[in-house]
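Undergrad: Sharing final-v5.tsv (TSV, C-alpha atoms) below.
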```
chain	number	residue	atom	x	y	z
H	1	MET	CA	124.83	221.00	200.96
H	2	ALA	CA	126.00	222.94	204.02
H	3	ASP	CA	124.00	226.04	202.98
H	4	PHE	CA	120.93	224.16	201.77
H	5	ASP	CA	117.75	224.69	203.79
H	6	PRO	CA	115.53	221.55	203.50
H	7	TRP	CA	112.48	223.82	203.66
H	8	ASP	CA	113.52	225.71	200.50
H	9	PRO	CA	111.68	223.46	197.98
H	10	TYR	CA	108.39	224.32	199.69
H	11	ARG	CA	108.65	228.11	199.46
H	12	ASP	CA	106.26	230.15	197.28
H	13	LEU	CA	104.47	227.22	195.69
H	14	ARG	CA	101.43	228.83	194.08
H	15	PHE	CA	102.93	228.88	190.57
H	16	ALA	CA	105.85	226.57	191.26
H	17	GLY	CA	107.51	224.42	188.66
H	18	THR	CA	110.32	222.03	189.51
H	19	ARG	CA	112.88	222.87	192.18
H	20	GLU	CA	116.62	222.26	192.06
H	21	HIS	CA	118.10	220.22	194.89
H	22	PRO	CA	121.89	220.21	195.41
H	23	GLU	CA	122.00	216.41	195.76
H	24	PHE	CA	119.00	215.12	193.80
H	25	GLY	CA	118.79	217.65	190.97
H	26	SER	CA	115.38	218.50	189.56
H	27	CYS	CA	112.60	217.79	192.05
H	28	PHE	CA	108.81	218.21	192.10
H	29	ILE	CA	106.27	218.95	194.79
H	30	ALA	CA	103.17	216.90	195.62
H	31	GLU	CA	100.53	218.23	197.99
H	32	GLY	CA	97.57	216.80	199.89
H	33	ARG	CA	97.19	213.64	201.96
H	34	ILE	CA	95.95	211.30	199.22
H	35	LEU	CA	98.55	212.38	196.69
H	36	VAL	CA	101.43	212.35	199.17
H	37	GLU	CA	100.47	208.94	200.53
H	38	ASP	CA	100.44	207.60	196.96
H	39	LEU	CA	103.84	209.20	196.36
H	40	LEU	CA	105.22	207.64	199.54
H	41	ALA	CA	103.94	204.23	198.46
H	42	ALA	CA	105.78	204.65	195.15
H	43	GLY	CA	108.87	205.64	197.13
H	44	ARG	CA	108.69	202.58	199.36
H	45	ALA	CA	108.32	200.41	196.26
H	46	GLY	CA	111.47	201.96	194.78
H	47	ARG	CA	109.72	203.63	191.83
H	48	LEU	CA	110.49	207.19	192.99
H	49	ARG	CA	113.03	208.89	195.25
H	50	VAL	CA	111.14	210.90	197.87
H	51	VAL	CA	113.48	213.52	199.32
H	52	SER	CA	111.36	214.96	202.11
H	53	VAL	CA	107.87	215.35	203.52
H	54	ALA	CA	106.59	218.60	205.03
H	55	ALA	CA	103.78	217.95	207.51
H	56	THR	CA	101.68	219.89	209.96
H	57	THR	CA	102.06	218.88	213.58
H	58	THR	CA	98.78	216.95	213.47
H	59	ALA	CA	99.66	215.04	210.28
H	60	ALA	CA	103.26	214.24	211.17
H	61	GLY	CA	102.58	211.11	213.23
H	62	ALA	CA	100.76	209.25	210.46
H	63	ALA	CA	103.26	210.44	207.85
H	64	ARG	CA	106.25	209.17	209.84
H	65	ALA	CA	105.02	205.58	209.57
H	66	LEU	CA	104.80	205.83	205.76
H	67	LEU	CA	108.21	207.31	205.00
H	68	PRO	CA	110.50	205.46	202.57
H	69	GLU	CA	113.98	204.85	203.89
H	70	GLY	CA	116.11	207.99	203.75
H	71	THR	CA	113.19	210.43	203.46
H	72	GLU	CA	113.39	213.43	205.79
H	73	LEU	CA	110.31	214.52	207.77
H	74	LEU	CA	109.88	218.27	208.31
H	75	VAL	CA	107.24	219.42	210.80
H	76	ALA	CA	105.65	222.86	211.25
H	77	GLU	CA	102.51	224.45	212.62
H	78	PRO	CA	99.74	224.88	210.00
H	79	ALA	CA	100.09	228.68	209.90
H	80	ALA	CA	103.84	228.43	209.34
H	81	LEU	CA	103.36	225.93	206.53
H	82	SER	CA	100.81	228.19	204.83
H	83	GLU	CA	103.16	231.16	205.10
H	84	LEU	CA	105.99	229.11	203.62
H	85	ALA	CA	103.90	227.86	200.68
H	86	GLY	CA	102.50	231.31	199.97
H	87	PHE	CA	98.83	230.36	200.19
H	88	SER	CA	96.42	229.04	202.79
H	89	PHE	CA	97.33	225.37	203.00
H	90	HIS	CA	94.84	223.06	204.72
H	91	ARG	CA	95.81	219.62	203.47
H	92	GLY	CA	98.42	218.82	206.08
H	93	LEU	CA	101.07	217.19	203.88
H	94	MET	CA	103.46	218.09	201.08
H	95	ALA	CA	106.35	216.12	199.65
H	96	CYS	CA	109.42	216.77	197.53
H	97	ALA	CA	110.56	214.00	195.17
H	98	GLN	CA	113.20	213.62	192.49
H	99	VAL	CA	111.94	213.91	188.90
H	100	PRO	CA	112.37	210.39	187.49
H	101	PRO	CA	114.19	209.72	184.22
H	102	PRO	CA	111.99	209.57	181.10
H	103	PRO	CA	110.72	206.18	179.94
H	104	SER	CA	112.73	204.37	177.30
H	105	ALA	CA	112.20	204.67	173.55
H	106	ALA	CA	111.45	200.93	173.53
H	107	THR	CA	108.50	201.51	175.88
H	108	LEU	CA	107.13	204.10	173.46
H	109	ARG	CA	107.49	201.80	170.46
H	110	ALA	CA	105.63	199.05	172.35
H	111	ALA	CA	102.60	201.26	173.17
H	112	ARG	CA	99.35	200.10	171.59
H	113	ARG	CA	97.15	202.92	172.85
H	114	LEU	CA	98.92	206.28	172.88
H	115	LEU	CA	97.78	209.85	173.58
H	116	VAL	CA	99.72	212.56	171.71
H	117	LEU	CA	99.65	216.23	172.78
H	118	PRO	CA	101.81	218.25	170.35
H	119	ARG	CA	101.18	221.45	172.33
H	120	LEU	CA	99.01	222.53	175.25
H	121	TYR	CA	98.94	225.83	177.09
H	122	ASP	CA	97.15	225.04	180.33
H	123	GLY	CA	98.59	222.91	183.14
H	124	GLU	CA	95.17	221.93	184.40
H	125	ASN	CA	94.19	220.50	181.01
H	126	LEU	CA	97.48	218.61	180.88
H	127	GLY	CA	96.90	217.20	184.37
H	128	LEU	CA	93.35	216.14	183.53
H	129	LEU	CA	94.43	214.43	180.31
H	130	LEU	CA	97.20	212.57	182.11
H	131	ARG	CA	94.74	211.47	184.79
H	132	SER	CA	92.25	210.21	182.20
H	133	ALA	CA	94.96	208.43	180.21
H	134	ALA	CA	96.14	206.60	183.32
H	135	ALA	CA	92.64	205.83	184.59
H	136	LEU	CA	91.48	204.49	181.23
H	137	GLY	CA	94.51	202.26	180.77
H	138	LEU	CA	96.42	203.92	177.94
H	139	ASP	CA	100.00	202.80	177.46
H	140	GLY	CA	101.56	206.26	177.47
H	141	VAL	CA	101.40	209.96	176.63
H	142	LEU	CA	103.69	211.69	174.14
H	143	ALA	CA	103.77	215.45	174.79
H	144	GLY	CA	105.36	218.39	173.01
H	145	PRO	CA	106.03	221.88	174.39
H	146	GLY	CA	103.67	223.20	177.02
H	147	PRO	CA	103.11	223.35	180.78
H	148	GLY	CA	105.63	221.59	182.99
H	149	LEU	CA	104.91	217.91	183.46
H	150	TRP	CA	106.20	218.18	187.02
H	151	SER	CA	104.82	221.57	188.00
H	152	ARG	CA	102.89	221.62	191.26
H	153	ARG	CA	99.58	222.20	189.51
H	154	THR	CA	100.04	219.52	186.84
H	155	VAL	CA	101.05	216.96	189.45
H	156	ARG	CA	98.10	217.84	191.68
H	157	VAL	CA	95.47	217.83	188.93
H	158	SER	CA	96.84	214.59	187.48
H	159	MET	CA	96.46	212.95	190.92
H	160	GLY	CA	99.81	211.25	190.47
H	161	ALA	CA	99.17	209.99	186.94
H	162	VAL	CA	102.38	211.70	185.84
H	163	TRP	CA	104.36	209.02	187.68
H	164	ARG	CA	101.87	206.18	187.10
H	165	ILE	CA	101.90	206.18	183.28
H	166	PRO	CA	104.83	206.54	180.86
H	167	VAL	CA	105.07	210.15	179.67
H	168	TRP	CA	107.55	211.48	177.12
H	169	ARG	CA	108.17	215.22	176.73
H	170	VAL	CA	110.01	216.24	173.53
H	171	GLU	CA	110.27	219.35	171.35
H	172	ASP	CA	109.06	217.51	168.24
H	173	PRO	CA	106.60	214.71	169.08
H	174	TRP	CA	105.82	214.18	165.38
H	175	ALA	CA	109.24	212.67	164.72
H	176	LEU	CA	108.83	210.15	167.54
H	177	LEU	CA	105.25	209.50	166.45
H	178	ALA	CA	106.46	208.61	162.96
H	179	ASP	CA	108.96	206.16	164.49
H	180	TRP	CA	106.17	204.68	166.61
H	181	LYS	CA	103.97	204.15	163.55
H	182	ALA	CA	106.79	202.57	161.55
H	183	ALA	CA	107.46	200.05	164.31
H	184	GLU	CA	104.44	197.93	163.38
H	185	THR	CA	102.38	197.57	160.21
H	186	GLY	CA	98.74	198.58	160.62
H	187	SER	CA	99.39	201.29	163.22
H	188	GLU	CA	97.28	204.41	162.80
H	189	ILE	CA	97.50	208.05	163.87
H	190	VAL	CA	94.07	209.56	164.55
H	191	ALA	CA	93.43	213.30	164.86
H	192	ALA	CA	90.69	214.74	167.03
H	193	ALA	CA	89.30	217.65	165.00
H	194	LEU	CA	85.93	219.17	164.07
H	195	THR	CA	86.42	218.99	160.32
H	196	ARG	CA	83.81	218.22	157.67
H	197	GLU	CA	85.59	214.96	156.84
H	198	ALA	CA	85.81	213.76	160.44
H	199	GLU	CA	84.36	210.39	161.35
H	200	ASP	CA	81.65	210.35	164.02
H	201	ALA	CA	83.40	209.22	167.21
H	202	ARG	CA	80.42	207.02	168.08
H	203	ALA	CA	81.17	204.87	165.02
H	204	TRP	CA	84.96	205.00	165.34
H	205	ARG	CA	86.67	201.63	165.58
H	206	PRO	CA	90.35	202.22	166.39
H	207	ALA	CA	93.01	200.00	164.89
H	208	THR	CA	94.72	197.44	167.11
H	209	ARG	CA	97.55	199.95	167.52
H	210	SER	CA	96.31	203.53	167.62
H	211	ALA	CA	97.61	206.98	168.60
H	212	LEU	CA	95.12	209.78	169.36
H	213	VAL	CA	96.38	213.32	168.64
H	214	MET	CA	94.74	216.23	170.49
H	215	GLY	CA	95.49	219.81	169.44
H	216	PRO	CA	95.98	222.93	171.58
H	217	GLU	CA	93.10	224.60	173.39
H	218	ASP	CA	92.70	227.62	171.11
H	219	THR	CA	93.25	226.55	167.49
H	220	GLY	CA	93.31	222.77	167.55
H	221	LEU	CA	95.46	220.95	164.99
H	222	ASP	CA	96.45	222.88	161.88
H	223	ALA	CA	96.28	221.63	158.29
H	224	ALA	CA	99.90	220.48	158.21
H	225	GLN	CA	99.42	218.45	161.38
H	226	LEU	CA	96.16	216.93	160.16
H	227	ALA	CA	98.00	215.85	157.00
H	228	GLN	CA	100.31	213.71	159.13
H	229	CYS	CA	97.35	211.77	160.55
H	230	ASP	CA	95.59	208.82	158.94
H	231	ARG	CA	92.05	209.57	160.11
H	232	THR	CA	90.08	212.31	161.85
H	233	VAL	CA	87.38	211.77	164.46
H	234	ALA	CA	84.98	214.22	166.07
H	235	ILE	CA	82.44	214.15	168.88
H	236	PRO	CA	79.06	215.39	167.60
H	237	MET	CA	77.85	218.57	169.29
H	238	ALA	CA	74.31	219.44	170.41
H	239	SER	CA	72.48	222.42	171.96
H	240	GLY	CA	74.34	224.87	169.76
H	241	MET	CA	77.73	224.11	171.34
H	242	ASP	CA	80.71	224.27	169.00
H	243	SER	CA	83.23	222.17	170.92
H	244	LEU	CA	84.27	220.54	174.19
H	245	ASN	CA	87.17	221.43	176.42
H	246	VAL	CA	90.23	219.47	175.27
H	247	ALA	CA	90.41	217.50	178.52
H	248	ALA	CA	86.73	216.50	178.32
H	249	ALA	CA	86.99	215.55	174.65
H	250	GLY	CA	90.18	213.60	175.32
H	251	ALA	CA	88.55	211.55	178.07
H	252	ILE	CA	85.64	210.58	175.80
H	253	LEU	CA	87.86	209.62	172.88
H	254	MET	CA	90.30	207.71	175.06
H	255	PHE	CA	87.40	205.70	176.44
H	256	ARG	CA	86.42	204.85	172.86
H	257	MET	CA	90.00	203.71	172.27
H	258	VAL	CA	90.09	201.29	175.18
H	259	GLU	CA	86.55	199.91	175.00
H	260	SER	CA	87.28	198.60	171.51
H	261	ARG	CA	90.52	196.93	172.52
```
Write the structure described by the file as C-alpha cells, please.
TA:
Amino acid sequence: MADFDPWDPYRDLRFAGTREHPEFGSCFIAEGRILVEDLLAAGRAGRLRVVSVAATTTAAGAARALLPEGTELLVAEPAALSELAGFSFHRGLMACAQVPPPPSAATLRAARRLLVLPRLYDGENLGLLLRSAAALGLDGVLAGPGPGLWSRRTVRVSMGAVWRIPVWRVEDPWALLADWKAAETGSEIVAAALTREAEDARAWRPATRSALVMGPEDTGLDAAQLAQCDRTVAIPMASGMDSLNVAAAGAILMFRMVESR
C-alpha cells in the first residue's frame, strides 16, 4: 500500500477494463455525474464498496456530501483530470469501486425471466442489453465469453445496470442454462433467430418461466445452439432490412417477455 498512488485507477481510461487495487482487488470505474451518484447511493446502502471518487474542483463540494463511509475523495482541476484519463473529460466525476462477487446459483435457478448471451463481441451492445434487461424488469442475465462486464465502456453504456441486476459470467452458459431449465417443469429456452421455422414475435406467448437466448452480432446462433432451444422467435423485417442490431432486437423481445407475465 505504501507505493500505491490512489490516482492510478483513473489513468488511461479510454479502453480500460478492470483495475487491480492492492487492498480491494479487482475494481471498476464509473464516470459521469448521474452514474457516479447512483454508484455512491449503492455504496451508502452497503450494496457496493466504493473505493474513491475523482472530482473536478467544481464538482467536489457536492460529491463530498454523498460519499459512503471510508470512500476517499480526490480533487483535481478539469485539465489535469482529462490528462490523467487520457481523453477530454467534461463530466466532472469518476469513481472507483470494488467488483462485487457474482450472484448465487440459487438466484439464477429462481429467475423466471432470463436473458442469455452465449457470446458477444461489442461492449456497447452488452451495456445496452444489460440496461434494457434491468429497465424491463428481467430477473437476470447469463453471459458467456465476451467484453468485460466491468469495463469502463460497458459500465457507462449500461448506466449502472451491471450492478442493479444479477449478472453471471461463465465460460459455458449452456451448462448453467440446462440446470436452470431442469429446476422447474414447464421452463422454456427460446432462441432469437431469423430462421424459416421461427415464430413471429408479435404472436409469441412466453412460458411462465422463460429464457431468451441472443446470439453474437455477426453470425447469430449456430445450428448446434439452436438445437438446445425449445422454440425460435423472430421479429419480422420491413423495408428490405435483413435484421436488427442485437441490442435493439433484445430490447423488443425482452419487452414481449415481460408484458405477458
Undergrad: At a cut-off of 12 Å, using only C-alpha atoms, what residues contact range 45-53 of chain H? Leave out same-chain residues fewer than 6 positions from it and give the result as number ranges by chain.
TA: H: 5-10, 19-33, 35-39, 59-76, 81, 92-101, 160, 162-165
Undergrad: Export, as a PDB file, keeping the file's coordinate frame, the selected residues with C-alpha atoms.
TA:
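Written out: selection_35.pdb:
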```pdb
ATOM      1  CA  ASP H   5     117.750 224.690 203.790  1.00  0.00           C
ATOM      2  CA  PRO H   6     115.530 221.550 203.500  1.00  0.00           C
ATOM      3  CA  TRP H   7     112.480 223.820 203.660  1.00  0.00           C
ATOM      4  CA  ASP H   8     113.520 225.710 200.500  1.00  0.00           C
ATOM      5  CA  PRO H   9     111.680 223.460 197.980  1.00  0.00           C
ATOM      6  CA  TYR H  10     108.390 224.320 199.690  1.00  0.00           C
ATOM      7  CA  ARG H  19     112.880 222.870 192.180  1.00  0.00           C
ATOM      8  CA  GLU H  20     116.620 222.260 192.060  1.00  0.00           C
ATOM      9  CA  HIS H  21     118.100 220.220 194.890  1.00  0.00           C
ATOM     10  CA  PRO H  22     121.890 220.210 195.410  1.00  0.00           C
ATOM     11  CA  GLU H  23     122.000 216.410 195.760  1.00  0.00           C
ATOM     12  CA  PHE H  24     119.000 215.120 193.800  1.00  0.00           C
ATOM     13  CA  GLY H  25     118.790 217.650 190.970  1.00  0.00           C
ATOM     14  CA  SER H  26     115.380 218.500 189.560  1.00  0.00           C
ATOM     15  CA  CYS H  27     112.600 217.790 192.050  1.00  0.00           C
ATOM     16  CA  PHE H  28     108.810 218.210 192.100  1.00  0.00           C
ATOM     17  CA  ILE H  29     106.270 218.950 194.790  1.00  0.00           C
ATOM     18  CA  ALA H  30     103.170 216.900 195.620  1.00  0.00           C
ATOM     19  CA  GLU H  31     100.530 218.230 197.990  1.00  0.00           C
ATOM     20  CA  GLY H  32      97.570 216.800 199.890  1.00  0.00           C
ATOM     21  CA  ARG H  33      97.190 213.640 201.960  1.00  0.00           C
ATOM     22  CA  LEU H  35      98.550 212.380 196.690  1.00  0.00           C
ATOM     23  CA  VAL H  36     101.430 212.350 199.170  1.00  0.00           C
ATOM     24  CA  GLU H  37     100.470 208.940 200.530  1.00  0.00           C
ATOM     25  CA  ASP H  38     100.440 207.600 196.960  1.00  0.00           C
ATOM     26  CA  LEU H  39     103.840 209.200 196.360  1.00  0.00           C
ATOM     27  CA  ALA H  59      99.660 215.040 210.280  1.00  0.00           C
ATOM     28  CA  ALA H  60     103.260 214.240 211.170  1.00  0.00           C
ATOM     29  CA  GLY H  61     102.580 211.110 213.230  1.00  0.00           C
ATOM     30  CA  ALA H  62     100.760 209.250 210.460  1.00  0.00           C
ATOM     31  CA  ALA H  63     103.260 210.440 207.850  1.00  0.00           C
ATOM     32  CA  ARG H  64     106.250 209.170 209.840  1.00  0.00           C
ATOM     33  CA  ALA H  65     105.020 205.580 209.570  1.00  0.00           C
ATOM     34  CA  LEU H  66     104.800 205.830 205.760  1.00  0.00           C
ATOM     35  CA  LEU H  67     108.210 207.310 205.000  1.00  0.00           C
ATOM     36  CA  PRO H  68     110.500 205.460 202.570  1.00  0.00           C
ATOM     37  CA  GLU H  69     113.980 204.850 203.890  1.00  0.00           C
ATOM     38  CA  GLY H  70     116.110 207.990 203.750  1.00  0.00           C
ATOM     39  CA  THR H  71     113.190 210.430 203.460  1.00  0.00           C
ATOM     40  CA  GLU H  72     113.390 213.430 205.790  1.00  0.00           C
ATOM     41  CA  LEU H  73     110.310 214.520 207.770  1.00  0.00           C
ATOM     42  CA  LEU H  74     109.880 218.270 208.310  1.00  0.00           C
ATOM     43  CA  VAL H  75     107.240 219.420 210.800  1.00  0.00           C
ATOM     44  CA  ALA H  76     105.650 222.860 211.250  1.00  0.00           C
ATOM     45  CA  LEU H  81     103.360 225.930 206.530  1.00  0.00           C
ATOM     46  CA  GLY H  92      98.420 218.820 206.080  1.00  0.00           C
ATOM     47  CA  LEU H  93     101.070 217.190 203.880  1.00  0.00           C
ATOM     48  CA  MET H  94     103.460 218.090 201.080  1.00  0.00           C
ATOM     49  CA  ALA H  95     106.350 216.120 199.650  1.00  0.00           C
ATOM     50  CA  CYS H  96     109.420 216.770 197.530  1.00  0.00           C
ATOM     51  CA  ALA H  97     110.560 214.000 195.170  1.00  0.00           C
ATOM     52  CA  GLN H  98     113.200 213.620 192.490  1.00  0.00           C
ATOM     53  CA  VAL H  99     111.940 213.910 188.900  1.00  0.00           C
ATOM     54  CA  PRO H 100     112.370 210.390 187.490  1.00  0.00           C
ATOM     55  CA  PRO H 101     114.190 209.720 184.220  1.00  0.00           C
ATOM     56  CA  GLY H 160      99.810 211.250 190.470  1.00  0.00           C
ATOM     57  CA  VAL H 162     102.380 211.700 185.840  1.00  0.00           C
ATOM     58  CA  TRP H 163     104.360 209.020 187.680  1.00  0.00           C
ATOM     59  CA  ARG H 164     101.870 206.180 187.100  1.00  0.00           C
ATOM     60  CA  ILE H 165     101.900 206.180 183.280  1.00  0.00           C
TER      61      ILE H 165
END
```
Undergrad: So what do you get for CA of Ala223 in chain H versus CA of Pro173 in chain H, distance-wise?
TA: 16.5 Å
Undergrad: What does the structure give for the distance between CA of Met214 in chain H and CA of Leu253 in chain H, in Å to one decimal?
TA: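 Between CA of Met214 in chain H and CA of Leu253 in chain H the gap is 9.8 Å.
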Undergrad: Can you tell me how far CA of Asp3 in chain H sits from CA of Thr18 in chain H, in Å to one decimal?
TA: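 Separation of CA of Asp3 in chain H and CA of Thr18 in chain H: 19.6 Å.
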Undergrad: Counting all atoms listed in the file, figure out which residue out of H:Gly17, H:Gly43, H:Gly148, H:Gly140 gets nearest to Arg119 in chain H.
TA: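 Smallest separation from Arg119 in chain H among the options: H:Gly148.
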Undergrad: Do a neighbour search on Gly250 in chain H at 9 Å with all atoms listed in the file, toss out local chain neighbours closer than 5 positions, and write the hits as a list of chain:residue names.
TA: H:Leu115, H:Leu129, H:Ser132, H:Ala133, H:Ala192, H:Leu212, H:Met214, H:Asn245, H:Phe255
Undergrad: Would you list the residues near (104.2, 212.0, 182.6), meaning any protein, DNA or RNA residue with an atom at most 9 Å from that point in file coordinates, counting all atoms listed in the file, as a PyMOL selection string?
TA: chain H and resi 102+130+140-143+149-150+161-169
Undergrad: Next, write the just-selected residues to a file, as a compact mmCIF listing (two decimals), keeping the file's coordinate frame, keeping C-alpha atoms as the atom set.
TA:
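Output below, filename out12.txt:
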```
# COMPACT_ATOMS: atom_id res chain seq x y z
CA PRO H 102 111.99 209.57 181.10
CA LEU H 130 97.20 212.57 182.11
CA GLY H 140 101.56 206.26 177.47
CA VAL H 141 101.40 209.96 176.63
CA LEU H 142 103.69 211.69 174.14
CA ALA H 143 103.77 215.45 174.79
CA LEU H 149 104.91 217.91 183.46
CA TRP H 150 106.20 218.18 187.02
CA ALA H 161 99.17 209.99 186.94
CA VAL H 162 102.38 211.70 185.84
CA TRP H 163 104.36 209.02 187.68
CA ARG H 164 101.87 206.18 187.10
CA ILE H 165 101.90 206.18 183.28
CA PRO H 166 104.83 206.54 180.86
CA VAL H 167 105.07 210.15 179.67
CA TRP H 168 107.55 211.48 177.12
CA ARG H 169 108.17 215.22 176.73
```
Undergrad: Of the candidates H:Ala135, H:Leu226, H:Leu84, H:Ala207, which one gets nearest to Gly186 in chain H if we count all atoms listed in the file?
TA: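 Nearest candidate to Gly186 in chain H out of H:Ala135, H:Leu226, H:Leu84, H:Ala207: H:Ala207.
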Undergrad: Arg112 in chain H: which residues within 9 Å, counting all atoms listed in the file, same-chain residues fewer than 4 positions away excluded, as a list in words?
TA: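 Skipping anything fewer than 4 positions along the chain leaves Leu108, Leu138, Asp139, Gly140, Ser187, Thr208, Arg209, Ser210 and Ala211 of chain H.
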Undergrad: Generate the output file for the selected residues, C-alpha atoms, as a PDB file, keeping the file's coordinate frame.
TA:
```pdb
ATOM      1  CA  LEU H 108     107.130 204.100 173.460  1.00  0.00           C
ATOM      2  CA  LEU H 138      96.420 203.920 177.940  1.00  0.00           C
ATOM      3  CA  ASP H 139     100.000 202.800 177.460  1.00  0.00           C
ATOM      4  CA  GLY H 140     101.560 206.260 177.470  1.00  0.00           C
ATOM      5  CA  SER H 187      99.390 201.290 163.220  1.00  0.00           C
ATOM      6  CA  THR H 208      94.720 197.440 167.110  1.00  0.00           C
ATOM      7  CA  ARG H 209      97.550 199.950 167.520  1.00  0.00           C
ATOM      8  CA  SER H 210      96.310 203.530 167.620  1.00  0.00           C
ATOM      9  CA  ALA H 211      97.610 206.980 168.600  1.00  0.00           C
TER      10      ALA H 211
END
```
Undergrad: Here's a test: counting only C-alpha atoms, identify every protein, DNA and RNA residue with an atom at most 10 Å from (93.5, 218.8, 178.9) in the file's coordinate frame, and state them as a list in words.
TA: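 Those residues lying close to the given coordinates are Leu117, Leu120, Tyr121, Asp122, Gly123, Glu124, Asn125, Leu126, Gly127, Leu128, Leu129, Leu130, Arg131, Ser132, Met214, Gly215, Pro216, Glu217, Asn245, Val246, Ala247, Ala248, Ala249, Gly250 and Ala251 of chain H.
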Undergrad: H:Ala198, H:Leu136, H:Ala234, H:Cys229: which is nearest Met257 in chain H, counting only C-alpha atoms?
TA: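 Under the stated criterion, the closest residue is H:Leu136.
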Undergrad: Just need the box for range 133-144 of chain H, edges along x, y and z, holding every atom the file lists for it with 3 Å tacked onto each side, so centre and edge lengths in Å to one decimal, as AutoDock Vina command-line options.
TA:
```
--center_x 98.4 --center_y 210.3 --center_z 178.8 --size_x 19.9 --size_y 22.1 --size_z 17.6
```
Undergrad: Please provide the set of residues having any atom within 12 Å of Ala203 in chain H, restricted to only C-alpha atoms, with same-chain residues fewer than 2 positions apart removed, written as a list in words.
TA: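 Counting only the stated atoms, we get Ala198, Glu199, Asp200, Ala201, Arg205, Pro206, Val233, Ala234, Ile235, Pro236, Leu253, Arg256, Met257 and Ser260 of chain H.
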Undergrad: Take the structure in the block and write a file for range 8-41 of chain H, C-alpha atoms, as an mmCIF file, in the first residue's frame.
TA:
```cif
data_model
loop_
_atom_site.group_PDB
_atom_site.id
_atom_site.type_symbol
_atom_site.label_atom_id
_atom_site.label_comp_id
_atom_site.auth_asym_id
_atom_site.auth_seq_id
_atom_site.Cartn_x
_atom_site.Cartn_y
_atom_site.Cartn_z
ATOM 1 C CA ASP H 8 -3.603 5.122 -10.538
ATOM 2 C CA PRO H 9 -7.026 3.506 -11.230
ATOM 3 C CA TYR H 10 -8.019 6.593 -13.234
ATOM 4 C CA ARG H 11 -5.078 6.613 -15.648
ATOM 5 C CA ASP H 12 -5.551 5.955 -19.385
ATOM 6 C CA LEU H 13 -9.221 5.076 -19.232
ATOM 7 C CA ARG H 14 -10.291 5.166 -22.880
ATOM 8 C CA PHE H 15 -10.152 1.381 -23.334
ATOM 9 C CA ALA H 16 -9.907 0.464 -19.672
ATOM 10 C CA GLY H 17 -11.100 -2.801 -18.219
ATOM 11 C CA THR H 18 -10.946 -3.536 -14.504
ATOM 12 C CA ARG H 19 -8.097 -2.236 -12.361
ATOM 13 C CA GLU H 20 -6.259 -4.089 -9.612
ATOM 14 C CA HIS H 21 -6.201 -2.433 -6.198
ATOM 15 C CA PRO H 22 -3.734 -3.682 -3.554
ATOM 16 C CA GLU H 23 -6.420 -3.764 -0.850
ATOM 17 C CA PHE H 24 -9.710 -4.273 -2.694
ATOM 18 C CA GLY H 25 -8.617 -6.457 -5.610
ATOM 19 C CA SER H 26 -10.433 -6.091 -8.917
ATOM 20 C CA CYS H 27 -12.103 -2.695 -9.254
ATOM 21 C CA PHE H 28 -14.123 -0.908 -11.942
ATOM 22 C CA ILE H 29 -14.505 2.698 -13.000
ATOM 23 C CA ALA H 30 -17.765 4.642 -13.313
ATOM 24 C CA GLU H 31 -17.850 8.062 -14.944
ATOM 25 C CA GLY H 32 -20.299 10.951 -15.155
ATOM 26 C CA ARG H 33 -22.409 12.662 -12.506
ATOM 27 C CA ILE H 34 -25.579 10.578 -12.847
ATOM 28 C CA LEU H 35 -23.759 7.254 -12.890
ATOM 29 C CA VAL H 36 -21.409 8.159 -10.037
ATOM 30 C CA GLU H 37 -24.231 9.476 -7.876
ATOM 31 C CA ASP H 38 -26.095 6.203 -8.420
ATOM 32 C CA LEU H 39 -22.935 4.277 -7.526
ATOM 33 C CA LEU H 40 -22.490 6.335 -4.365
ATOM 34 C CA ALA H 41 -26.093 5.640 -3.367
#
```
